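Working notes, structure below.
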2 protein chains.
Amino acid sequence: MLSKKAKYAIKALVYLGHENHKSPVLISQIAQNENIPQKFLEAILLTLKKEGILDSKKGRGGGYFVVKPLEEISFAEILRIFDGPIALLPCVTHDYYKQCEECKDEATCGIRKVFLQLRNITVKHLKDATIMNVVLDESDK
Amino acid sequence: MLSKKAKYAIKALVYLGHENHKSPVLISQIAQNENIPQKFLEAILLTLKKEGILDSKKGRGGGYFVVKPLEEISFAEILRIFDGPIALLPCVTHDYYKQCEECKDEATCGIRKVFLQLRNITVKHLKDATIMNVVLDESDK
DNA sequence: AATAAACTCTACTAAACTACTAGAGTTATA
DNA sequence: TATAACTCTAGTAGTTTAGTAGAGTTTATT
């Protein structure tokens, strides 16, 4: 399952995506509209800022806004930031590769093959899913 | 990531799959060959027995053996037993469905759509991956 | 210059989960 | 009847999750 952090992050980004090109949005406004505990959301938005996806303006009239193009923010990126690797086994991750401790021969491991393919399918799906796509999709309704 | 329980369960089943049609296999033998802590493995095999996948014989000359046909034991089944739902959001699971607490309208939720498709892809892949397939695949080498 | 709105940062915490271990109990066969 | 082997109940250290509390900093406006 996704962590709440990852889920809230995606919700906040989609919300900001809908509000795009307007003035900075208050944390409190996002929290209220998306039913997210405000203090918890603060930490999440801060992380997204450190990652270069959001930026913020302090003081009166401040708030958060998206700086990375919406079509370049994928679900894969968000999941990796908050929940770590997408793969289900350490031996099939790209960025965090680690051998399975108990494994004897990775090359002939039939289990690995299954999870390697699954990882590839999953990553492709989650890279194609961008915030922009969700915003456009929801605007059609 | 998979839990160790799920990973060990699959490893043990593949091991038993290779040994099929012979006499019951000792827990200690599986543990040694697959580098799994024995006491931990005991609990895992017990669960698999309760699920009707394995059976055991007590006493001298006893051990574990597979009773469910190898081609009917899928990775999806094992993951569900040990790690719960395969879907990444509660609102897209089949067996454990729960509405996302903070969600306003499931029908128009663009995020849900992404994870629903992903769930379907993933479940299909993990249902096609059976212990039999892995055993056959590994025997080719 | 003062005020207040708004983001920033550090620290803490309860609850749940993970990956085990210990040890006593039961069963079946040689 | 000895013993090999599975069964079952507890417990536990460490980690992660999903938060909360509260003081600090920045900046637009009056």
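FYI, nothing fancy with the structure tokens labels: chains A, B, ... in order, residues from 1 per chain, ligands from 1 as they appear.
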Q: Compile the contact shell of Ile131 (chain A) as a PyMOL selection string: residues with an atom at most 10 Å away, counting only C-alpha atoms (C1' of nucleotides), same-chain residues fewer than 5 positions apart removed.
A: (chain A and resi 10-11+13-18+69-75+136-137) or (chain B and resi 110-111)
Write to file, as a short mmCIF file (atom, residue, chain, number, x, y, z; two decimals), in the first residue's frame, the residues of the selection just made, with all heavy atoms.
```
data_model
loop_
_atom_site.label_atom_id
_atom_site.label_comp_id
_atom_site.auth_asym_id
_atom_site.auth_seq_id
_atom_site.Cartn_x
_atom_site.Cartn_y
_atom_site.Cartn_z
N ILE A 10 0.46 13.43 -3.72
CA ILE A 10 -0.18 13.41 -5.04
C ILE A 10 -1.45 14.26 -5.03
O ILE A 10 -1.69 15.06 -5.93
CB ILE A 10 -0.50 11.96 -5.45
CG1 ILE A 10 0.80 11.19 -5.70
CG2 ILE A 10 -1.37 11.94 -6.70
CD1 ILE A 10 0.60 9.71 -5.95
N LYS A 11 -2.24 14.11 -3.97
CA LYS A 11 -3.47 14.90 -3.87
C LYS A 11 -3.17 16.40 -3.88
O LYS A 11 -3.85 17.18 -4.56
CB LYS A 11 -4.21 14.55 -2.57
CG LYS A 11 -4.77 13.15 -2.57
CD LYS A 11 -6.16 13.09 -1.96
CE LYS A 11 -6.87 11.83 -2.39
NZ LYS A 11 -8.32 11.89 -2.19
N LEU A 13 -0.54 17.89 -5.10
CA LEU A 13 -0.02 18.31 -6.40
C LEU A 13 -1.15 18.43 -7.43
O LEU A 13 -1.17 19.38 -8.23
CB LEU A 13 1.04 17.31 -6.89
CG LEU A 13 2.38 17.42 -6.18
CD1 LEU A 13 3.28 16.24 -6.51
CD2 LEU A 13 3.09 18.73 -6.56
N VAL A 14 -2.07 17.49 -7.40
CA VAL A 14 -3.21 17.57 -8.33
C VAL A 14 -4.04 18.82 -8.01
O VAL A 14 -4.44 19.56 -8.91
CB VAL A 14 -4.09 16.30 -8.23
CG1 VAL A 14 -5.39 16.48 -9.01
CG2 VAL A 14 -3.32 15.09 -8.76
N TYR A 15 -4.23 19.08 -6.73
CA TYR A 15 -4.96 20.28 -6.34
C TYR A 15 -4.25 21.54 -6.86
O TYR A 15 -4.88 22.41 -7.47
CB TYR A 15 -5.09 20.35 -4.82
CG TYR A 15 -5.90 21.52 -4.33
CD1 TYR A 15 -7.28 21.48 -4.30
CD2 TYR A 15 -5.27 22.70 -3.93
CE1 TYR A 15 -8.03 22.56 -3.87
CE2 TYR A 15 -6.00 23.80 -3.50
CZ TYR A 15 -7.38 23.72 -3.48
OH TYR A 15 -8.11 24.80 -3.06
N LEU A 16 -2.94 21.62 -6.64
CA LEU A 16 -2.17 22.76 -7.12
C LEU A 16 -2.18 22.84 -8.64
O LEU A 16 -2.17 23.92 -9.22
CB LEU A 16 -0.72 22.68 -6.60
CG LEU A 16 -0.54 22.97 -5.11
CD1 LEU A 16 0.87 22.63 -4.65
CD2 LEU A 16 -0.84 24.44 -4.81
N GLY A 17 -2.22 21.67 -9.26
CA GLY A 17 -2.29 21.63 -10.72
C GLY A 17 -3.56 22.28 -11.24
O GLY A 17 -3.52 23.05 -12.21
N HIS A 18 -4.66 22.03 -10.57
CA HIS A 18 -5.93 22.64 -10.97
C HIS A 18 -5.91 24.16 -10.77
O HIS A 18 -6.55 24.90 -11.51
CB HIS A 18 -7.09 22.03 -10.16
CG HIS A 18 -7.54 20.69 -10.65
ND1 HIS A 18 -8.12 20.50 -11.89
CD2 HIS A 18 -7.50 19.46 -10.07
CE1 HIS A 18 -8.42 19.22 -12.03
NE2 HIS A 18 -8.04 18.56 -10.95
N PRO A 69 7.28 21.56 -14.49
CA PRO A 69 6.16 21.41 -15.41
C PRO A 69 5.30 20.20 -15.02
O PRO A 69 5.83 19.12 -14.75
CB PRO A 69 6.83 21.18 -16.76
CG PRO A 69 8.18 21.78 -16.63
CD PRO A 69 8.57 21.60 -15.19
N LEU A 70 3.99 20.40 -15.02
CA LEU A 70 3.07 19.36 -14.56
C LEU A 70 3.21 18.05 -15.33
O LEU A 70 3.01 16.98 -14.79
CB LEU A 70 1.62 19.86 -14.68
CG LEU A 70 1.20 20.99 -13.75
CD1 LEU A 70 -0.24 21.38 -14.02
CD2 LEU A 70 1.38 20.58 -12.30
N GLU A 71 3.57 18.16 -16.60
CA GLU A 71 3.68 16.94 -17.42
C GLU A 71 4.99 16.21 -17.15
O GLU A 71 5.21 15.12 -17.68
CB GLU A 71 3.52 17.26 -18.91
CG GLU A 71 4.58 18.15 -19.51
CD GLU A 71 4.26 19.64 -19.35
OE1 GLU A 71 3.39 19.98 -18.52
OE2 GLU A 71 4.90 20.46 -20.03
N GLU A 72 5.84 16.80 -16.32
CA GLU A 72 7.09 16.11 -15.98
C GLU A 72 7.07 15.54 -14.57
O GLU A 72 8.02 14.90 -14.13
CB GLU A 72 8.27 17.09 -16.10
CG GLU A 72 8.60 17.44 -17.54
CD GLU A 72 9.71 18.48 -17.64
OE1 GLU A 72 10.49 18.61 -16.67
OE2 GLU A 72 9.79 19.16 -18.69
N ILE A 73 5.99 15.78 -13.85
CA ILE A 73 5.88 15.21 -12.48
C ILE A 73 5.09 13.92 -12.57
O ILE A 73 3.88 13.92 -12.77
CB ILE A 73 5.15 16.18 -11.53
CG1 ILE A 73 5.74 17.59 -11.64
CG2 ILE A 73 5.25 15.66 -10.10
CD1 ILE A 73 4.96 18.63 -10.86
N SER A 74 5.80 12.80 -12.42
CA SER A 74 5.13 11.51 -12.54
C SER A 74 4.85 10.91 -11.17
O SER A 74 5.51 11.25 -10.18
CB SER A 74 6.01 10.54 -13.35
OG SER A 74 7.13 10.17 -12.58
N PHE A 75 3.89 10.01 -11.14
CA PHE A 75 3.61 9.27 -9.91
C PHE A 75 4.86 8.50 -9.47
O PHE A 75 5.12 8.37 -8.28
CB PHE A 75 2.46 8.29 -10.15
CG PHE A 75 1.09 8.92 -10.09
CD1 PHE A 75 0.84 10.18 -10.62
CD2 PHE A 75 0.03 8.25 -9.49
CE1 PHE A 75 -0.42 10.76 -10.57
CE2 PHE A 75 -1.24 8.82 -9.43
CZ PHE A 75 -1.46 10.07 -9.97
N LEU A 136 -5.89 17.02 -16.40
CA LEU A 136 -6.68 17.07 -17.65
C LEU A 136 -7.85 16.09 -17.57
O LEU A 136 -8.97 16.43 -17.93
CB LEU A 136 -5.79 16.71 -18.84
CG LEU A 136 -4.74 17.75 -19.22
CD1 LEU A 136 -3.87 17.24 -20.37
CD2 LEU A 136 -5.40 19.08 -19.59
N ASP A 137 -7.57 14.91 -17.09
CA ASP A 137 -8.59 13.87 -16.99
C ASP A 137 -9.75 14.33 -16.11
O ASP A 137 -10.91 14.14 -16.44
CB ASP A 137 -7.95 12.60 -16.41
CG ASP A 137 -8.93 11.45 -16.35
OD1 ASP A 137 -9.46 11.07 -17.42
OD2 ASP A 137 -9.18 10.94 -15.25
N GLY B 110 -9.07 11.08 -10.35
CA GLY B 110 -8.10 10.72 -11.38
C GLY B 110 -6.97 9.88 -10.85
O GLY B 110 -6.34 9.11 -11.57
N ILE B 111 -6.71 10.03 -9.56
CA ILE B 111 -5.64 9.26 -8.93
C ILE B 111 -6.06 7.80 -8.84
O ILE B 111 -5.29 6.89 -9.15
CB ILE B 111 -5.35 9.82 -7.52
CG1 ILE B 111 -4.89 11.27 -7.63
CG2 ILE B 111 -4.33 8.97 -6.80
CD1 ILE B 111 -4.82 12.00 -6.31
#
```
Listing only residues of chain C within 10 Å of chain A, what is the closest atom pair and its distance in Å (to one decimal) for each, using only C-alpha atoms (C1' of nucleotides), sorted by chain and residue number ascending, as CSV?
```
residue,atom,partner,partner_atom,distance
C:DA4,C1',A:Arg60,CA,8.0
C:DA5,C1',A:Arg60,CA,4.5
C:DA6,C1',A:Gly59,CA,4.7
C:DC7,C1',A:Lys58,CA,5.2
C:DT8,C1',A:Leu46,CA,8.4
C:DC9,C1',A:Ala43,CA,9.7
```
Q | All alpha helix (DSSP H) positions in chain B, as an MDAnalysis selection string | A | chainID B and resid 4:18 27:34 38:50 75:83 110:128 131:139
Just list as a CSV table (one decimal) with N, CA and C atoms, in the first residue's frame whatever in chain B DSSP marks as strand (DSSP E).
```csv
chain,number,residue,atom,x,y,z
B,54,LEU,N,0.2,-26.5,1.6
B,54,LEU,CA,1.1,-27.6,2.1
B,54,LEU,C,0.3,-28.5,3.0
B,55,ASP,N,1.0,-29.7,3.2
B,55,ASP,CA,0.5,-30.6,4.3
B,55,ASP,C,1.8,-31.1,5.0
B,56,SER,N,1.6,-31.7,6.1
B,56,SER,CA,2.8,-32.2,6.8
B,56,SER,C,2.6,-33.5,7.5
B,57,LYS,N,3.7,-34.2,7.8
B,57,LYS,CA,3.6,-35.4,8.5
B,57,LYS,C,4.5,-35.3,9.7
B,63,GLY,N,7.8,-34.4,7.8
B,63,GLY,CA,8.2,-33.2,7.0
B,63,GLY,C,7.1,-32.6,6.3
B,64,TYR,N,7.4,-31.6,5.4
B,64,TYR,CA,6.4,-30.9,4.6
B,64,TYR,C,6.4,-31.4,3.2
B,65,PHE,N,5.2,-31.3,2.6
B,65,PHE,CA,5.1,-31.5,1.1
B,65,PHE,C,3.9,-30.7,0.6
B,66,VAL,N,4.0,-30.5,-0.7
B,66,VAL,CA,2.9,-29.7,-1.4
B,66,VAL,C,1.7,-30.5,-1.7
```
Q) Looking at D:DT12, D:DT1, D:DT17, D:DT7, which one is nearest to chain A, with distances taken over only C-alpha atoms (C1' of nucleotides)? A)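 Distance minimum relative to chain A lands on D:DT17.
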Q.
Give me the residues near DT18 (chain C) as an NGL selection string, where near means some atom within 9 Å (using only C-alpha atoms (C1' of nucleotides)) and where sequence neighbours in that chain fewer than 6 positions away do not count.
A. (:B and (3-4)) or (:D and (14-15))
Could those residues be written to a file, using C-alpha atoms (C1' of nucleotides), as a PDB file, in the first residue's frame?
```pdb
ATOM      1  CA  SER B   3       8.015  -8.884   3.369  1.00  0.00           C
ATOM      2  CA  LYS B   4      10.575 -11.538   4.200  1.00  0.00           C
TER       3      LYS B   4
ATOM      4  C1'  DG D  14      14.068  -2.382  16.148  1.00  0.00           C
ATOM      5  C1'  DT D  15      11.832   0.255  12.590  1.00  0.00           C
TER       6       DT D  15
END
```
(Q) Ranking D:DA4, D:DA10, D:DA18, D:DA23 by minimum distance to chain A and counting only C-alpha atoms (C1' of nucleotides), which one comes first? (A) D:DA18
